[in-house]
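Enquirer: One structure, as structure tokens, below. Some questions next.
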Amino acid sequence: MRNWTCRSSVQFCLVLIVVFLATLSFNRRPVSAQSSDSAQKQLLSFVSAPLPGKASPEDAPAYYKPDSLYQYIDGAADVYLLYDFRLLLHQNFKSGSAEVTADVYDMGKPEDAFGIYAAERSARYKFLPIGIEGYSGKGVLNFVQDRYYVKLTAISGSGDGLLDPLCRTISQRIGGKKTPPALLLKLPVANRVPHSEQYVRKDPLGHAFLAPAYLTTYKWGTKEGKLIVSVGADAAGAKLRLQQLANHFKQTGESKAAPELGEGGIRGKNSFEGTVIARTQGRYLVAVLNPPVNGEEILKAAALGLP
């Protein structure tokens, strides 16, 4: 009896392992192999017929969730997951000899969609007034709108002519917000470098304690600096971040109190980051890295403009 029980236990364990592996494999497949849901239907509505140039899908759309995104973009998936990626629709289209691929990423929140878009953006591209912002390069046209990041790629040479009308159709169907994250609209406009705005979820300027943060680049003549707005949970969290920033500059250079800058103001400098001025404003830590002569005015204007 004991031998039969032992054999049965081993067999039962093997069955459990097989079931577990099968379940794991199922969960890692593209979402198209699983039941449809409202999020998939929403994405599909953006690229459904009728489309410009009578473009039509070459095959069924593929969907990817966080646990299967690596199957499509491999090493780049980690960055998307950092911005709380939710769902991707991947679809190939053809219109005559033109072939185009559309990737529509649902990032869940507008600020996360803007964050991943800005992380991949390059100043070398030609920027377009589409959605919140868009750009085109050789064979590509990408834009961000509401909580979606849309990437269009021409597979064939004649596909370039389909990119612009297709992206405008998708943008119209998405609707929703066509403005940057609200906090960016509160920051000073004068001397801001166009298309330099970022929303960073991890290690802004190399410092984990600053995350998450909004960054913008400013230029004064030949001098360039960055404005950082680090978002804390509350005023106490902002003060803690300011103290960590002060400690960092003390350890690597120097830091001193600067009450004339406002709440908890500090001035610091080191040999590899340069100079910094910083203060808090409610739940925000506001800092200017490598400020100009009138940096105090910029810091105060940015801080007082925050909600």
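Labeling convention for the structure tokens: chains A, B, ... as they appear, residues from 1 per chain, ligands from 1 in order of appearance.
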Determine, counting only C-alpha atoms, which protein, DNA and RNA residues have an atom within 7 Å of an atom of region 147-163 of chain A; residues of the same chain fewer than 2 positions away are not included. Present the result as a PDB file with N, CA and C atoms, in the first residue's frame.
Expert:
ATOM      1  N   SER A  97       0.806  48.949 -53.397  1.00  0.00           N
ATOM      2  CA  SER A  97       2.169  48.485 -53.113  1.00  0.00           C
ATOM      3  C   SER A  97       2.689  49.001 -51.774  1.00  0.00           C
ATOM      4  N   ALA A  98       1.886  49.854 -51.125  1.00  0.00           N
ATOM      5  CA  ALA A  98       2.314  50.441 -49.845  1.00  0.00           C
ATOM      6  C   ALA A  98       1.996  49.493 -48.692  1.00  0.00           C
ATOM      7  N   GLU A  99       3.000  49.258 -47.851  1.00  0.00           N
ATOM      8  CA  GLU A  99       2.816  48.426 -46.663  1.00  0.00           C
ATOM      9  C   GLU A  99       3.253  49.207 -45.429  1.00  0.00           C
ATOM     10  N   VAL A 100       2.399  49.181 -44.420  1.00  0.00           N
ATOM     11  CA  VAL A 100       2.649  49.945 -43.189  1.00  0.00           C
ATOM     12  C   VAL A 100       2.317  49.081 -41.973  1.00  0.00           C
ATOM     13  N   THR A 101       3.126  49.234 -40.936  1.00  0.00           N
ATOM     14  CA  THR A 101       2.859  48.578 -39.656  1.00  0.00           C
ATOM     15  C   THR A 101       2.399  49.622 -38.654  1.00  0.00           C
ATOM     16  N   ALA A 102       1.340  49.320 -37.916  1.00  0.00           N
ATOM     17  CA  ALA A 102       0.850  50.212 -36.866  1.00  0.00           C
ATOM     18  C   ALA A 102       0.982  49.521 -35.515  1.00  0.00           C
ATOM     19  N   ASP A 103       1.609  50.204 -34.571  1.00  0.00           N
ATOM     20  CA  ASP A 103       1.695  49.740 -33.195  1.00  0.00           C
ATOM     21  C   ASP A 103       1.037  50.787 -32.308  1.00  0.00           C
ATOM     22  N   VAL A 104      -0.013  50.398 -31.600  1.00  0.00           N
ATOM     23  CA  VAL A 104      -0.724  51.319 -30.720  1.00  0.00           C
ATOM     24  C   VAL A 104      -0.568  50.819 -29.287  1.00  0.00           C
ATOM     25  N   TYR A 105       0.169  51.590 -28.473  1.00  0.00           N
ATOM     26  CA  TYR A 105       0.433  51.223 -27.087  1.00  0.00           C
ATOM     27  C   TYR A 105      -0.546  51.939 -26.162  1.00  0.00           C
ATOM     28  N   ASP A 106      -1.267  51.179 -25.350  1.00  0.00           N
ATOM     29  CA  ASP A 106      -2.092  51.748 -24.295  1.00  0.00           C
ATOM     30  C   ASP A 106      -1.237  51.770 -23.033  1.00  0.00           C
ATOM     31  N   MET A 107      -0.876  52.986 -22.589  1.00  0.00           N
ATOM     32  CA  MET A 107       0.008  53.127 -21.432  1.00  0.00           C
ATOM     33  C   MET A 107      -0.759  53.389 -20.127  1.00  0.00           C
ATOM     34  N   GLY A 108      -2.073  53.418 -20.209  1.00  0.00           N
ATOM     35  CA  GLY A 108      -2.871  53.559 -18.997  1.00  0.00           C
ATOM     36  C   GLY A 108      -3.148  54.982 -18.562  1.00  0.00           C
ATOM     37  N   LYS A 109      -2.108  55.833 -18.563  1.00  0.00           N
ATOM     38  CA  LYS A 109      -2.252  57.224 -18.140  1.00  0.00           C
ATOM     39  C   LYS A 109      -1.549  58.139 -19.144  1.00  0.00           C
ATOM     40  N   PRO A 110      -2.088  59.342 -19.351  1.00  0.00           N
ATOM     41  CA  PRO A 110      -1.457  60.269 -20.298  1.00  0.00           C
ATOM     42  C   PRO A 110       0.001  60.588 -19.960  1.00  0.00           C
ATOM     43  N   ALA A 113       2.183  57.710 -21.091  1.00  0.00           N
ATOM     44  CA  ALA A 113       2.306  57.692 -22.553  1.00  0.00           C
ATOM     45  C   ALA A 113       3.289  58.763 -23.000  1.00  0.00           C
ATOM     46  N   TYR A 117       7.066  58.153 -24.798  1.00  0.00           N
ATOM     47  CA  TYR A 117       7.270  58.851 -26.069  1.00  0.00           C
ATOM     48  C   TYR A 117       8.505  59.747 -25.977  1.00  0.00           C
ATOM     49  N   GLY A 139      10.773  56.732 -42.953  1.00  0.00           N
ATOM     50  CA  GLY A 139       9.943  55.544 -42.830  1.00  0.00           C
ATOM     51  C   GLY A 139       9.210  55.388 -41.518  1.00  0.00           C
ATOM     52  N   VAL A 140       9.213  56.415 -40.661  1.00  0.00           N
ATOM     53  CA  VAL A 140       8.514  56.315 -39.371  1.00  0.00           C
ATOM     54  C   VAL A 140       7.710  57.575 -39.102  1.00  0.00           C
ATOM     55  N   LEU A 141       6.625  57.423 -38.365  1.00  0.00           N
ATOM     56  CA  LEU A 141       5.846  58.552 -37.876  1.00  0.00           C
ATOM     57  C   LEU A 141       5.243  58.116 -36.540  1.00  0.00           C
ATOM     58  N   ASN A 142       5.666  58.774 -35.478  1.00  0.00           N
ATOM     59  CA  ASN A 142       5.217  58.429 -34.127  1.00  0.00           C
ATOM     60  C   ASN A 142       4.553  59.630 -33.479  1.00  0.00           C
ATOM     61  N   PHE A 143       3.539  59.392 -32.668  1.00  0.00           N
ATOM     62  CA  PHE A 143       2.932  60.490 -31.912  1.00  0.00           C
ATOM     63  C   PHE A 143       2.320  59.971 -30.623  1.00  0.00           C
ATOM     64  N   VAL A 144       2.064  60.901 -29.710  1.00  0.00           N
ATOM     65  CA  VAL A 144       1.458  60.574 -28.418  1.00  0.00           C
ATOM     66  C   VAL A 144       0.182  61.387 -28.268  1.00  0.00           C
ATOM     67  N   GLN A 145      -0.852  60.748 -27.748  1.00  0.00           N
ATOM     68  CA  GLN A 145      -2.140  61.431 -27.563  1.00  0.00           C
ATOM     69  C   GLN A 145      -2.917  60.711 -26.468  1.00  0.00           C
ATOM     70  N   PRO A 165      -1.592  60.420 -43.577  1.00  0.00           N
ATOM     71  CA  PRO A 165      -3.053  60.294 -43.509  1.00  0.00           C
ATOM     72  C   PRO A 165      -3.526  59.234 -42.524  1.00  0.00           C
ATOM     73  N   LEU A 166      -2.741  58.153 -42.385  1.00  0.00           N
ATOM     74  CA  LEU A 166      -3.123  57.106 -41.436  1.00  0.00           C
ATOM     75  C   LEU A 166      -3.025  57.601 -40.001  1.00  0.00           C
ATOM     76  N   CYS A 167      -1.949  58.324 -39.681  1.00  0.00           N
ATOM     77  CA  CYS A 167      -1.780  58.802 -38.306  1.00  0.00           C
ATOM     78  C   CYS A 167      -2.867  59.818 -37.951  1.00  0.00           C
TER      79      CYS A 167
END
Enquirer: Here is a test: counting only C-alpha atoms, which residue of A:Pro129, A:Pro180, A:Pro188, A:Gly134 is nearest to Tyr218 (chain A)?
Expert: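 When distances to Tyr218 (chain A) are compared using only C-alpha atoms, the smallest one comes from A:Pro188.
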Enquirer: Nearest residue to Lys178 (chain A) out of A:Pro204, A:Ile132, A:Gln91, A:Thr217, using only C-alpha atoms?
Expert: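 When distances to Lys178 (chain A) are compared using only C-alpha atoms, the smallest one comes from A:Ile132.
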Enquirer: As a PyMOL selection string, please: all residues of region 49-273 of chain A that backbone DSSP puts in helix (DSSP H, G or I).
Expert: chain A and resi 52-54+70-82+110-120+157-174+182-185+204-206+208-210+235-252+259-261
Enquirer: One decimal, in Å: what's the spacing between CA of Pro57 (chain A) and CA of Asp146 (chain A)?
Expert: 24.6 Å
